[in-house]
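Text of start_20.csv, listed as CSV, C-alpha atoms:
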chain,number,residue,atom,x,y,z
G,1,ASP,CA,112.3,5.1,29.3
G,2,ASP,CA,115.4,2.8,28.8
G,3,LEU,CA,113.4,0.1,27.0
G,4,GLU,CA,114.1,-0.1,23.3
G,5,THR,CA,111.0,-2.2,22.6
G,6,ARG,CA,108.6,-0.7,20.1
G,7,TYR,CA,104.9,-1.1,20.2
G,8,LYS,CA,104.6,-2.1,16.5
G,9,ALA,CA,107.2,-4.8,17.0
G,10,LEU,CA,105.1,-6.4,19.8
G,11,ARG,CA,102.0,-6.0,17.7
G,12,ARG,CA,103.6,-8.2,15.1
G,13,GLY,CA,104.8,-10.8,17.6
G,14,ARG,CA,108.4,-9.7,17.6
G,15,MET,CA,109.5,-9.9,21.2
G,16,PRO,CA,112.9,-8.6,22.4
G,17,ALA,CA,115.5,-10.8,24.1
G,18,PRO,CA,114.4,-11.7,27.6
G,19,SER,CA,115.4,-9.3,30.4
G,20,ALA,CA,117.0,-10.7,33.4
G,21,PHE,CA,114.8,-11.4,36.4
G,22,ASN,CA,115.8,-8.8,39.1
G,23,VAL,CA,114.2,-6.1,41.1
G,24,ASP,CA,114.6,-3.4,38.4
G,25,SER,CA,113.0,-5.5,35.6
G,26,ILE,CA,110.1,-6.5,37.9
G,27,ALA,CA,109.7,-2.8,38.9
G,28,THR,CA,109.4,-2.0,35.2
G,29,LEU,CA,106.8,-4.7,34.7
G,30,PHE,CA,104.6,-3.1,37.5
G,31,GLU,CA,105.2,0.4,36.3
G,32,LEU,CA,104.1,-0.4,32.8
G,33,SER,CA,101.1,-2.5,33.8
G,34,LEU,CA,99.6,-1.2,37.1
G,35,GLY,CA,101.6,1.9,37.8
G,36,ILE,CA,100.5,5.6,37.7
G,37,SER,CA,100.9,7.0,34.2
G,38,ALA,CA,99.9,10.6,34.6
G,39,TRP,CA,98.2,13.1,36.9
G,40,LYS,CA,95.2,15.3,35.9
G,41,ALA,CA,93.9,18.5,37.5
G,42,TYR,CA,90.7,20.5,37.3
G,43,GLY,CA,91.0,23.6,39.5
G,44,GLU,CA,92.4,22.5,42.8
G,45,PRO,CA,91.4,18.7,42.7
G,46,THR,CA,93.9,16.4,41.2
G,47,TRP,CA,93.7,12.7,40.4
G,48,ALA,CA,95.9,10.0,39.0
G,49,LEU,CA,95.6,7.9,35.9
G,50,ARG,CA,97.1,4.4,35.8
G,51,CYS,CA,98.4,2.2,32.9
G,52,ASN,CA,95.5,-0.3,33.4
G,53,PRO,CA,92.2,1.3,32.4
G,54,SER,CA,89.4,1.2,34.9
G,55,SER,CA,85.6,1.8,34.9
G,56,GLY,CA,85.1,5.2,36.5
G,57,ASN,CA,88.8,5.4,37.2
G,58,LEU,CA,88.0,3.7,40.5
G,59,HIS,CA,90.6,0.8,40.2
G,60,PRO,CA,89.3,-2.1,42.3
G,61,THR,CA,92.1,-4.3,41.0
G,62,GLU,CA,95.0,-5.0,43.3
G,63,GLY,CA,98.3,-6.5,42.1
G,64,TYR,CA,100.5,-9.0,43.9
G,65,LEU,CA,103.9,-10.6,43.2
G,66,VAL,CA,104.8,-14.2,44.3
G,67,THR,CA,108.6,-14.9,43.8
G,68,GLY,CA,111.1,-17.4,45.0
G,69,GLY,CA,113.6,-14.6,45.1
G,70,VAL,CA,115.5,-12.6,42.4
G,71,PRO,CA,118.6,-10.3,42.7
G,72,GLY,CA,117.5,-7.4,44.9
G,73,LEU,CA,114.3,-9.0,46.1
G,74,ALA,CA,113.9,-11.7,48.7
G,75,ALA,CA,111.5,-14.6,48.3
G,76,GLY,CA,107.9,-13.9,49.4
G,77,VAL,CA,104.5,-12.6,48.6
G,78,TYR,CA,104.4,-8.8,47.9
G,79,HIS,CA,101.6,-6.3,47.4
G,80,TYR,CA,102.1,-3.6,44.8
G,81,LEU,CA,101.3,0.0,46.0
G,82,SER,CA,100.9,2.1,42.9
G,83,CYS,CA,100.8,5.5,44.6
G,84,ASP,CA,104.4,5.0,45.8
G,85,HIS,CA,105.5,2.5,43.2
G,86,ILE,CA,106.7,0.1,45.9
G,87,LEU,CA,106.3,-3.6,46.8
G,88,GLU,CA,105.1,-4.3,50.3
G,89,ARG,CA,106.3,-7.7,51.6
G,90,ARG,CA,103.2,-9.4,53.0
G,91,GLY,CA,104.1,-13.1,53.3
G,92,GLU,CA,107.2,-15.2,53.7
G,93,TRP,CA,107.9,-19.0,53.9
G,94,GLU,CA,109.9,-20.9,56.5
G,95,GLY,CA,112.1,-22.5,53.9
G,96,SER,CA,113.1,-21.8,50.3
G,97,VAL,CA,110.7,-21.9,47.4
G,98,GLU,CA,112.0,-22.5,43.9
G,99,LEU,CA,110.3,-20.8,41.0
G,100,ARG,CA,111.8,-20.5,37.5
G,101,GLY,CA,109.7,-17.4,36.9
G,102,PHE,CA,107.2,-15.6,39.1
G,103,LEU,CA,103.5,-15.2,39.6
G,104,ILE,CA,101.4,-12.0,39.4
G,105,GLY,CA,98.2,-12.2,41.4
G,106,LEU,CA,95.1,-10.0,40.8
G,107,ALA,CA,92.3,-9.4,43.3
G,108,SER,CA,89.3,-7.0,43.5
G,109,ILE,CA,88.1,-4.8,46.3
G,110,VAL,CA,84.5,-4.6,45.1
G,111,TRP,CA,83.6,-1.8,47.4
G,112,ARG,CA,85.7,0.6,45.3
G,113,GLU,CA,83.1,0.1,42.6
G,114,ALA,CA,80.0,-0.7,44.7
G,115,TRP,CA,79.8,2.6,46.5
G,116,LYS,CA,79.1,4.2,43.1
G,117,TYR,CA,77.6,1.5,40.9
G,118,GLY,CA,75.9,-0.8,43.3
G,119,MET,CA,75.1,-4.3,41.9
G,120,ARG,CA,76.9,-3.5,38.6
G,121,ALA,CA,80.2,-3.4,40.5
G,122,PHE,CA,80.5,-7.2,40.3
G,123,ARG,CA,80.7,-7.2,36.5
G,124,TYR,CA,82.7,-4.0,36.4
G,125,CYS,CA,85.4,-5.7,38.6
G,126,GLN,CA,85.6,-8.6,36.1
G,127,HIS,CA,85.9,-6.1,33.3
G,128,ASP,CA,88.7,-4.2,35.1
G,129,CYS,CA,90.5,-7.5,35.9
G,130,GLY,CA,90.5,-8.2,32.1
G,131,HIS,CA,92.2,-4.8,31.5
G,132,ALA,CA,94.8,-5.6,34.2
G,133,ILE,CA,95.5,-9.1,32.6
G,134,ALA,CA,96.1,-7.4,29.2
G,135,ALA,CA,98.3,-4.7,30.8
G,136,VAL,CA,100.5,-7.2,32.6
G,137,SER,CA,100.8,-9.4,29.5
G,138,TYR,CA,101.7,-6.3,27.4
G,139,ALA,CA,104.4,-5.2,29.9
G,140,ALA,CA,105.8,-8.7,30.2
G,141,ALA,CA,106.1,-8.9,26.4
G,142,ALA,CA,108.0,-5.6,26.4
G,143,LEU,CA,110.6,-7.2,28.6
G,144,GLY,CA,110.8,-10.4,26.5
G,145,TRP,CA,108.8,-12.5,28.9
G,146,ARG,CA,105.7,-14.6,28.3
G,147,SER,CA,102.6,-14.5,30.4
G,148,ARG,CA,100.0,-17.3,30.9
G,149,LEU,CA,96.8,-17.1,32.8
G,150,LEU,CA,96.6,-20.1,35.1
G,151,ALA,CA,93.3,-22.0,34.9
G,152,ALA,CA,93.8,-24.8,37.4
G,153,PRO,CA,94.0,-23.0,40.8
G,154,SER,CA,90.8,-22.5,42.7
G,155,ASP,CA,89.7,-19.2,44.2
G,156,ALA,CA,90.4,-20.6,47.6
G,157,GLU,CA,94.0,-21.5,46.6
G,158,ILE,CA,94.6,-18.1,45.2
G,159,ALA,CA,93.2,-16.4,48.3
G,160,ALA,CA,95.4,-18.5,50.6
G,161,LEU,CA,98.6,-17.8,48.5
G,162,LEU,CA,98.0,-14.0,48.4
G,163,GLY,CA,96.8,-13.8,52.1
G,164,LEU,CA,93.2,-12.8,51.2
G,165,HIS,CA,91.7,-15.6,53.3
G,166,ARG,CA,92.8,-13.9,56.6
G,167,ASP,CA,90.2,-12.4,58.8
G,168,LEU,CA,90.7,-8.7,58.3
G,169,ALA,CA,87.8,-7.3,60.2
G,170,SER,CA,88.9,-3.7,59.9
G,171,ALA,CA,89.1,-3.8,56.1
G,172,GLU,CA,86.9,-4.4,53.1
G,173,THR,CA,86.8,-7.9,51.5
G,174,GLU,CA,89.3,-8.5,48.7
G,175,ALA,CA,88.1,-11.2,46.2
G,176,PRO,CA,90.7,-13.4,44.4
G,177,ASP,CA,90.6,-13.1,40.6
G,178,CYS,CA,93.5,-14.9,39.0
G,179,LEU,CA,97.2,-15.8,38.8
G,180,LEU,CA,99.5,-15.1,35.8
G,181,TRP,CA,102.7,-17.1,35.3
G,182,ILE,CA,105.5,-14.9,34.0
G,183,SER,CA,108.6,-16.6,32.6
G,184,THR,CA,110.9,-16.8,29.6
G,185,ILE,CA,110.1,-20.3,28.2
G,186,GLU,CA,109.5,-22.2,31.4
G,187,PRO,CA,106.1,-23.9,31.8
G,188,PRO,CA,104.1,-23.0,35.0
G,189,PRO,CA,104.8,-25.1,38.1
G,190,ALA,CA,102.9,-28.3,38.5
G,191,GLU,CA,101.7,-27.0,41.9
G,192,LEU,CA,101.4,-23.6,43.4
G,193,PRO,CA,103.9,-22.6,46.2
G,194,PRO,CA,102.5,-23.2,49.7
G,195,ALA,CA,100.7,-20.5,51.5
G,196,PRO,CA,103.2,-18.4,53.5
G,197,LEU,CA,103.3,-19.1,57.3
G,198,ARG,CA,104.3,-15.6,58.3
G,199,TRP,CA,102.3,-12.5,57.3
G,200,HIS,CA,103.1,-8.9,57.7
G,201,GLY,CA,101.1,-5.6,57.6
G,202,LYS,CA,97.6,-4.6,58.4
G,203,ALA,CA,95.0,-3.7,55.8
G,204,ASN,CA,93.4,-0.3,56.1
G,205,ARG,CA,89.7,0.4,55.9
G,206,LEU,CA,88.7,2.4,52.8
G,207,SER,CA,85.4,3.8,54.0
G,208,SER,CA,83.5,4.2,57.3
G,209,ASP,CA,80.2,4.1,55.4
G,210,HIS,CA,80.6,0.7,53.9
G,211,VAL,CA,77.4,-0.9,52.7
G,212,GLU,CA,77.0,-4.7,52.2
G,213,TRP,CA,75.5,-5.8,48.9
G,214,ALA,CA,73.9,-9.2,49.4
G,215,ASP,CA,73.5,-9.7,45.7
G,216,ILE,CA,77.2,-9.2,45.1
G,217,GLU,CA,78.0,-11.7,47.8
G,218,GLN,CA,75.6,-14.2,46.2
G,219,ALA,CA,77.2,-13.6,42.8
G,220,HIS,CA,80.6,-14.4,44.3
G,221,ARG,CA,79.3,-17.6,45.8
G,222,LEU,CA,77.6,-18.8,42.6
G,223,THR,CA,80.7,-18.1,40.5
G,224,GLY,CA,83.3,-19.3,42.8
G,225,LYS,CA,85.9,-21.3,40.9
G,226,PRO,CA,86.8,-24.8,42.0
G,227,ARG,CA,90.2,-26.4,41.3
G,228,LEU,CA,90.7,-28.1,37.9
G,229,ASP,CA,92.5,-31.5,37.9
G,230,ARG,CA,95.3,-30.1,35.7
G,231,GLU,CA,96.3,-27.0,33.8
G,232,PRO,CA,94.8,-27.0,30.3
G,233,ALA,CA,97.1,-26.9,27.3
G,234,ASN,CA,98.2,-23.4,26.3
G,235,ARG,CA,96.4,-22.7,23.1
G,236,MET,CA,97.6,-19.1,22.7
G,237,GLY,CA,99.5,-18.8,19.4
G,238,ALA,CA,101.9,-16.2,18.2
G,239,ILE,CA,100.6,-12.8,17.2
G,240,HIS,CA,99.9,-12.8,13.5
G,241,GLU,CA,102.8,-11.5,11.4
G,242,THR,CA,100.5,-9.4,9.2
G,243,ALA,CA,98.8,-7.5,12.0
G,244,GLY,CA,97.9,-4.0,10.8
G,245,GLU,CA,100.5,-1.3,10.8
G,246,PRO,CA,100.0,1.0,13.8
G,247,ALA,CA,99.3,4.6,12.9
G,248,ARG,CA,102.4,5.8,14.8
G,249,ASP,CA,105.7,4.3,15.8
G,250,LEU,CA,105.5,4.6,19.6
G,251,SER,CA,107.8,3.5,22.3
G,252,ILE,CA,106.5,0.9,24.7
G,253,LEU,CA,106.0,3.5,27.4
G,254,ASP,CA,104.2,6.1,25.3
G,255,ALA,CA,101.9,3.4,23.9
G,256,GLY,CA,101.0,2.2,27.3
G,257,ARG,CA,100.2,5.7,28.5
G,258,ARG,CA,98.0,6.5,25.5
G,259,ILE,CA,96.1,3.3,26.0
G,260,ALA,CA,95.5,4.2,29.7
G,261,ALA,CA,94.5,7.8,28.8
G,262,ARG,CA,91.6,6.5,26.7

Re-express the file's structure as structure tokens.
Amino acid sequence: DDLETRYKALRRGRMPAPSAFNVDSIATLFELSLGISAWKAYGEPTWALRCNPSSGNLHPTEGYLVTGGVPGLAAGVYHYLSCDHILERRGEWEGSVELRGFLIGLASIVWREAWKYGMRAFRYCQHDCGHAIAAVSYAAAALGWRSRLLAAPSDAEIAALLGLHRDLASAETEAPDCLLWISTIEPPPAELPPAPLRWHGKANRLSSDHVEWADIEQAHRLTGKPRLDREPANRMGAIHETAGEPARDLSILDAGRRIAAR
């Protein structure tokens, strides 16, 4: 609620001055992008809505933070738990890791979609990941930060950095999707930080009635992304100055909530 950024300003490419990197600003980023925006009820049942739209409101997309450390937050790999709006520290390095920005990782738990949609769950997860990328980019811009989707890292590298490669026999598989570099003007690092040596926590199993979908597993194998030799040039230009005038002048928070509610 304290952000003075207006939706129509971002629509026209007018970003505010960059916020400082600290635990409060990163909390705002997650709240505006992957956090819970509202609760609904029908009789006794209640359910949550989140700022990133999702097919069937099933939310297979998980969010991670990779940081070299900012005021109020130690270096490490964190998982974002939306229901409690907290960061769970999952991985840590032996030494220091320098990052002039931070990374947001996205991954999909396909079973959250597959129990209802079957084979279609594979493409629905890709669709939801796109929503999450847009939501993170929107929230970063509201804080005066720039976001960039990294193309060079392979799926295996992303999985190792986020801890998804570990054998978690008690939990459903979590598939790596992408990494976003968040910074002010700094380019992304030439190499990803090394995978943490120490991991914490234990993944919980979502369903005792889990069903394996061989076709989905095959789709993952056939579309697995290898590493590119280098990061392609960033071709994203500034938002056009003559973008249409929004129908209403909304705060950044209200605009995000209305987008999610649709």

Enter the distance from atom CA of G:Asp155 to atom CA of G:Val66, in Å, rounded to one decimal.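 Atom-to-atom, atom CA of G:Asp155 to atom CA of G:Val66, that is 15.9 Å.
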
Give me, as a Markdown table, the closest atom pair and its distance (Å, one decimal) for every residue of stretch 105-163 of chain G within a cut-off of 8 Å of stretch 40-62 of chain G, counting all atoms listed in the file, rows sorted by chain and rising number.
| residue | atom | partner | partner_atom | distance |
| --- | --- | --- | --- | --- |
| G:Leu106 | CA | G:Glu62 | CA | 5.6 |
| G:Ala107 | CA | G:Glu62 | CA | 5.2 |
| G:Ser108 | CA | G:Thr61 | CA | 4.6 |
| G:Ile109 | CA | G:Pro60 | CA | 5.0 |
| G:Val110 | CA | G:Pro60 | CA | 6.1 |
| G:Trp111 | CA | G:Pro60 | CA | 7.7 |
| G:Arg112 | CA | G:Pro60 | CA | 5.4 |
| G:Glu113 | CA | G:Leu58 | CA | 6.4 |
| G:Tyr124 | CA | G:Ser55 | CA | 6.7 |
| G:Cys125 | CA | G:Pro60 | CA | 6.5 |
| G:Asp128 | CA | G:Ser54 | CA | 5.4 |
| G:Cys129 | CA | G:Thr61 | CA | 6.2 |
| G:His131 | CA | G:Asn52 | CA | 5.9 |
| G:Ala132 | CA | G:Asn52 | CA | 5.4 |
| G:Ala135 | CA | G:Asn52 | CA | 5.8 |

One number please: atom CA of G:His165 to atom CA of G:Trp93, in Å, one decimal.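 Separation of atom CA of G:His165 and atom CA of G:Trp93: 16.6 Å.
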
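When atom CA of G:Ile216 is paired with atom CA of G:Arg166, their separation reads 19.9 Å.
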
Would you please work out which residue, of G:Asp249, G:Glu191, G:Glu98, G:Asp209, is nearest to G:Arg227 when using all atoms listed in the file?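 Smallest distance to G:Arg227 is found for G:Glu191.
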
At a cut-off of 10 Å, can you tabulate as a tab-separated table every residue of stretch 135-213 of chain G near stretch 4-28 of chain G together with its closest atom pair and the distance in Å to one decimal, using all atoms listed in the file and ordering rows by chain then number?
residue	atom	partner	partner_atom	distance
G:Tyr138	CA	G:Leu10	CA	8.3
G:Ala139	CA	G:Thr28	CA	8.0
G:Ala140	CA	G:Ile26	CA	9.1
G:Ala141	CA	G:Met15	CA	6.3
G:Ala142	CA	G:Thr5	CA	5.9
G:Leu143	CA	G:Ser19	CA	5.5
G:Gly144	CA	G:Pro18	CA	4.0
G:Trp145	CA	G:Pro18	CA	5.8
G:Arg146	CA	G:Pro18	CA	9.2
G:Ser183	CA	G:Phe21	CA	8.9
G:Thr184	CA	G:Pro18	CA	6.5
G:Ile185	CA	G:Pro18	CA	9.6

Could you list, as a PyMOL selection string, every residue within 8 Å of G:Leu149, counting all atoms listed in the file and ignoring same-chain residues fewer than 2 positions away? chain G and resi 147+151+178-181

Ranking G:Pro187, G:Val77, G:Ala159, G:Ser82 by minimum distance to G:Ala38 and counting only C-alpha atoms, which one comes first?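 Closest to G:Ala38 of all the choices is G:Ser82.
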
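Nearest-residue note for G:Leu197: choosing from G:Gly95, G:Gly130, G:Pro232, G:Gly224, the minimum distance belongs to G:Gly95, counting only C-alpha atoms.
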
Taking (116.0, -19.1, 51.5) in the file's coordinates, which residues come within 10 Å, counting only C-alpha atoms, written as number ranges by chain? G: 68-69, 74-76, 92-98

Between G:Leu99, G:Pro226, G:Arg221, G:Arg123, which residue has the minimum interatomic distance to G:Ala156, considering only C-alpha atoms? G:Pro226

Find, counting only C-alpha atoms, the residue in G:Thr67, G:Ser37, G:Thr173, G:Thr223 that gets nearest to G:His210.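 Distance minimum relative to G:His210 lands on G:Thr173.
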
Counting all atoms listed in the file, closest pick from G:Gly105, G:Pro189, G:Ala121, G:Asp1 relative to G:Leu164 is G:Gly105
